[in-house]
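Enquirer: Let me give you the structure first, and then I'll get to my questions.
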Amino acid sequence: MEERADDCVFCRIVRHDAEALILCEDEHVISFLPIRPEVYGHTIICPRLHYADIYDIPSPVLSAVVDSCKSHAQHYRKKINATGVNLLHASGVDGDQSVFHFHIHLFPRVKNDGLNTWPMLPGTLVDRKQMYSEMRLG
Ligand SMILES: [Zn+2]
């Protein structure tokens with residue numbers, strides 16, 4: 001289920017109609033602190049225009065968002081001494097997306113920060129060659 005842009009909290013932030021601590025704005029991208037940061041430096045980076053998810057966002061806009069992620073990572077390395085970074089993204093209800101305006105969460109990391117942003121997954125017993133033949137692009 002997709003929200004209309006009028007009802008979208010991230011669109012309201014873009015329009016400055018919702019309270020937010022905005023970190024950066026440019027022609028295509030906006031970044032801000034989430035209401036409840038999960039880690040020190042947790043940042044949400046999204047396009048200014050409303051695209052629901054990775055299936056919806058045009059590639060040039062996605063490139064601008066990813067470029068902004070890199071700029072944020074470089075900035076946080078200098079500014080808050082981050083020595084690593086994780087990018088988290090969800091698309092679709094089944095991908096656990098909660099706000100249906102494309103966005104990427106950036107988590108700055110430091111040595112021994114105790115975070116587990118790469119959870120243990122159950123693994124799967126599949127025929128890798130069959131899976132490969134079904135998944136190949138082109
Ligand atoms: Zn939106």
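Please note that chains go A, B, ... in the order of the structure tokens, that every chain numbers its residues from 1, and that ligands are numbered from 1 in the order shown.
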For the interface of chain A with ligand 1 (cut-off 6 Å, counting only C-alpha atoms and all ligand atoms), please tabulate each contacting residue of chain A alongside its nearest pair of atoms and their separation in Å to one decimal, rows sorted by chain and increasing number, as a tab-separated table.
Expert:
residue	atom	partner	partner_atom_place_in_ligand_line	distance
A:Ala5	CA	ligand 1	1 (Zn)	4.7
A:Cys8	CA	ligand 1	1 (Zn)	4.5
A:Phe10	CA	ligand 1	1 (Zn)	4.9
A:Cys11	CA	ligand 1	1 (Zn)	3.9
A:His50	CA	ligand 1	1 (Zn)	4.1
A:His101	CA	ligand 1	1 (Zn)	4.5
Enquirer: Create the file for the chosen residues now, containing N, CA, C and O atoms and written as a PDB file, in the first residue's frame.
Expert:
ATOM      1  N   ALA A   5       1.587  11.363  -1.830  1.00  0.00           N
ATOM      2  CA  ALA A   5       2.626  12.313  -1.411  1.00  0.00           C
ATOM      3  C   ALA A   5       2.081  13.308  -0.386  1.00  0.00           C
ATOM      4  O   ALA A   5       2.793  13.727   0.508  1.00  0.00           O
ATOM      5  N   CYS A   8       2.468  11.895   3.044  1.00  0.00           N
ATOM      6  CA  CYS A   8       3.773  11.314   3.323  1.00  0.00           C
ATOM      7  C   CYS A   8       4.573  12.219   4.271  1.00  0.00           C
ATOM      8  O   CYS A   8       4.789  13.397   3.983  1.00  0.00           O
ATOM      9  N   PHE A  10       7.741  12.185   4.912  1.00  0.00           N
ATOM     10  CA  PHE A  10       9.003  12.664   4.331  1.00  0.00           C
ATOM     11  C   PHE A  10       8.751  13.808   3.354  1.00  0.00           C
ATOM     12  O   PHE A  10       9.539  14.745   3.278  1.00  0.00           O
ATOM     13  N   CYS A  11       7.640  13.763   2.609  1.00  0.00           N
ATOM     14  CA  CYS A  11       7.290  14.892   1.737  1.00  0.00           C
ATOM     15  C   CYS A  11       6.995  16.136   2.563  1.00  0.00           C
ATOM     16  O   CYS A  11       7.348  17.253   2.163  1.00  0.00           O
ATOM     17  N   HIS A  50       8.718  12.408  -4.307  1.00  0.00           N
ATOM     18  CA  HIS A  50       8.141  11.195  -3.739  1.00  0.00           C
ATOM     19  C   HIS A  50       8.240  10.024  -4.713  1.00  0.00           C
ATOM     20  O   HIS A  50       7.569  10.019  -5.748  1.00  0.00           O
ATOM     21  N   HIS A 101       8.261   6.238   1.108  1.00  0.00           N
ATOM     22  CA  HIS A 101       8.992   7.266   0.357  1.00  0.00           C
ATOM     23  C   HIS A 101      10.425   6.750   0.388  1.00  0.00           C
ATOM     24  O   HIS A 101      11.013   6.620   1.474  1.00  0.00           O
TER      25      HIS A 101
END
Enquirer: Which polymer residues have any atom within 12 Å of an atom of Pro60 of chain A, counting only C-alpha atoms, with same-chain residues fewer than 6 positions away left out, as a list in words?
Expert: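 Answer for this query is His28, Val29, Pro47, Val66 and Asp67 of chain A.
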Enquirer: Restricting the calculation to only C-alpha atoms, which member of A:Val39, A:Val9, A:Leu137, A:Ala20 is positioned closest to Asn116 of chain A?
Expert: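 Of A:Val39, A:Val9, A:Leu137, A:Ala20, the one nearest Asn116 of chain A is A:Val39, counting only C-alpha atoms.
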Enquirer: One number please: atom CA of Asp113 of chain A to atom CA of Ser68 of chain A, in Å, one decimal.
Expert: 24.0 Å
Enquirer: Would you please extract all helix (DSSP H, G or I) residues from chain A, as assigned by DSSP on the backbone, and give them as a PyMOL selection string?
Expert: chain A and resi 5-7+9-14+59-79+93-95+128-135
Enquirer: Which residues in chain A does DSSP call strand (DSSP E)? List them as a list of chain:residue names.
Expert: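 After running DSSP on the backbone, chain A has strand (DSSP E) at A:Ile22, A:Leu23, A:Cys24, A:Glu25, A:Val29, A:Ile30, A:Ser31, A:Phe32, A:Thr43, A:Ile44, A:Ile45, A:Cys46, A:Pro47, A:Gly84, A:Val85, A:Asn86, A:Leu87, A:Leu88, A:Ile104, A:His105, A:Leu106, A:Phe107, A:Pro108, A:Arg109.
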Enquirer: Have a look at A:Ile54, A:Val65, A:Lys78, A:Pro122 and name the one nearest to Gly92 of chain A; count only C-alpha atoms.
Expert: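 Residue with the minimum atom-to-atom distance to Gly92 of chain A: A:Ile54.
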Enquirer: Rounded to one decimal place, report the atom CA of Met120 of chain A-atom CA of Met135 of chain A distance in Å.
Expert: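 A separation of 23.1 Å between them.
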Enquirer: May I ask which of the residues A:Ala90, A:Phe102, A:Asp17, A:Gln74 is the closest one to Arg48 of chain A, counting only C-alpha atoms?
Expert: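 Among the listed residues, the smallest separation from Arg48 of chain A belongs to A:Phe102.
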Enquirer: Please determine, counting only C-alpha atoms, which residue among A:Ile104, A:Leu87, A:Ile35, A:Leu125 has the shortest atom-to-atom distance to Leu62 of chain A.
Expert: A:Ile104
Enquirer: Find the residues near Leu115 of chain A: any atom within 12 Å, counting only C-alpha atoms, skip ones fewer than 3 places away on the same chain, and give them as a VMD selection string.
Expert: chain A and resid 38 to 40 84 to 86 107 to 112 118 to 119
Enquirer: Once you have the residues from the selection above, write them out as a PDB file, in the first residue's frame, restricted to N, CA, C and O atoms.
Expert:
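Output (result_5.pdb):
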ATOM      1  N   GLU A  38      18.598   5.352  16.049  1.00  0.00           N
ATOM      2  CA  GLU A  38      18.948   4.013  16.530  1.00  0.00           C
ATOM      3  C   GLU A  38      20.382   3.962  17.039  1.00  0.00           C
ATOM      4  O   GLU A  38      20.712   3.156  17.906  1.00  0.00           O
ATOM      5  N   VAL A  39      21.240   4.796  16.442  1.00  0.00           N
ATOM      6  CA  VAL A  39      22.649   4.852  16.832  1.00  0.00           C
ATOM      7  C   VAL A  39      23.095   6.306  16.699  1.00  0.00           C
ATOM      8  O   VAL A  39      22.420   7.123  16.074  1.00  0.00           O
ATOM      9  N   TYR A  40      24.266   6.591  17.277  1.00  0.00           N
ATOM     10  CA  TYR A  40      24.799   7.941  17.160  1.00  0.00           C
ATOM     11  C   TYR A  40      25.084   8.246  15.684  1.00  0.00           C
ATOM     12  O   TYR A  40      25.791   7.498  15.011  1.00  0.00           O
ATOM     13  N   GLY A  84      33.530   3.500   9.980  1.00  0.00           N
ATOM     14  CA  GLY A  84      32.785   2.591   9.102  1.00  0.00           C
ATOM     15  C   GLY A  84      31.377   3.122   8.940  1.00  0.00           C
ATOM     16  O   GLY A  84      30.986   4.117   9.566  1.00  0.00           O
ATOM     17  N   VAL A  85      30.626   2.470   8.104  1.00  0.00           N
ATOM     18  CA  VAL A  85      29.247   2.893   7.862  1.00  0.00           C
ATOM     19  C   VAL A  85      28.433   1.700   7.384  1.00  0.00           C
ATOM     20  O   VAL A  85      28.949   0.808   6.705  1.00  0.00           O
ATOM     21  N   ASN A  86      27.168   1.666   7.771  1.00  0.00           N
ATOM     22  CA  ASN A  86      26.204   0.723   7.198  1.00  0.00           C
ATOM     23  C   ASN A  86      25.093   1.517   6.547  1.00  0.00           C
ATOM     24  O   ASN A  86      24.661   2.540   7.082  1.00  0.00           O
ATOM     25  N   PHE A 107      24.067   4.425   9.083  1.00  0.00           N
ATOM     26  CA  PHE A 107      24.544   4.246  10.458  1.00  0.00           C
ATOM     27  C   PHE A 107      26.057   4.392  10.476  1.00  0.00           C
ATOM     28  O   PHE A 107      26.777   3.506  10.003  1.00  0.00           O
ATOM     29  N   PRO A 108      26.569   5.495  11.033  1.00  0.00           N
ATOM     30  CA  PRO A 108      28.019   5.596  11.218  1.00  0.00           C
ATOM     31  C   PRO A 108      28.469   4.537  12.231  1.00  0.00           C
ATOM     32  O   PRO A 108      27.736   4.224  13.167  1.00  0.00           O
ATOM     33  N   ARG A 109      29.642   3.992  12.028  1.00  0.00           N
ATOM     34  CA  ARG A 109      30.164   2.959  12.925  1.00  0.00           C
ATOM     35  C   ARG A 109      31.530   3.351  13.441  1.00  0.00           C
ATOM     36  O   ARG A 109      32.267   4.075  12.772  1.00  0.00           O
ATOM     37  N   VAL A 110      31.837   2.875  14.629  1.00  0.00           N
ATOM     38  CA  VAL A 110      33.175   3.038  15.199  1.00  0.00           C
ATOM     39  C   VAL A 110      33.613   1.697  15.764  1.00  0.00           C
ATOM     40  O   VAL A 110      32.780   0.823  16.032  1.00  0.00           O
ATOM     41  N   LYS A 111      34.900   1.538  15.933  1.00  0.00           N
ATOM     42  CA  LYS A 111      35.457   0.280  16.434  1.00  0.00           C
ATOM     43  C   LYS A 111      34.809  -0.095  17.770  1.00  0.00           C
ATOM     44  O   LYS A 111      34.644   0.753  18.638  1.00  0.00           O
ATOM     45  N   ASN A 112      34.457  -1.358  17.882  1.00  0.00           N
ATOM     46  CA  ASN A 112      33.885  -1.891  19.119  1.00  0.00           C
ATOM     47  C   ASN A 112      32.624  -1.157  19.573  1.00  0.00           C
ATOM     48  O   ASN A 112      32.404  -0.994  20.773  1.00  0.00           O
ATOM     49  N   TRP A 118      24.239  -6.463  10.987  1.00  0.00           N
ATOM     50  CA  TRP A 118      24.279  -7.543  10.004  1.00  0.00           C
ATOM     51  C   TRP A 118      23.819  -8.809  10.714  1.00  0.00           C
ATOM     52  O   TRP A 118      24.632  -9.620  11.126  1.00  0.00           O
ATOM     53  N   PRO A 119      22.512  -8.970  10.867  1.00  0.00           N
ATOM     54  CA  PRO A 119      22.008 -10.054  11.715  1.00  0.00           C
ATOM     55  C   PRO A 119      22.272 -11.428  11.112  1.00  0.00           C
ATOM     56  O   PRO A 119      22.406 -11.575   9.909  1.00  0.00           O
TER      57      PRO A 119
END
Enquirer: Using atom CA of His16 of chain A and atom CA of Ser91 of chain A as the two end points, give the distance in Å to one decimal.
Expert: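 Between atom CA of His16 of chain A and atom CA of Ser91 of chain A the gap is 24.6 Å.
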Enquirer: Name all residues at most 7 Å from His103 of chain A (count only C-alpha atoms; drop same-chain ones fewer than 2 positions away) and give them as an MDAnalysis selection string.
Expert: chainID A and resid 44:46 89 101 105
Enquirer: Restricting the calculation to only C-alpha atoms, which member of A:Phe32, A:Leu49, A:Asp127, A:Ser98 is positioned closest to Ala18 of chain A?
Expert: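 Answer, going by the shortest atom-to-atom distance: A:Phe32.
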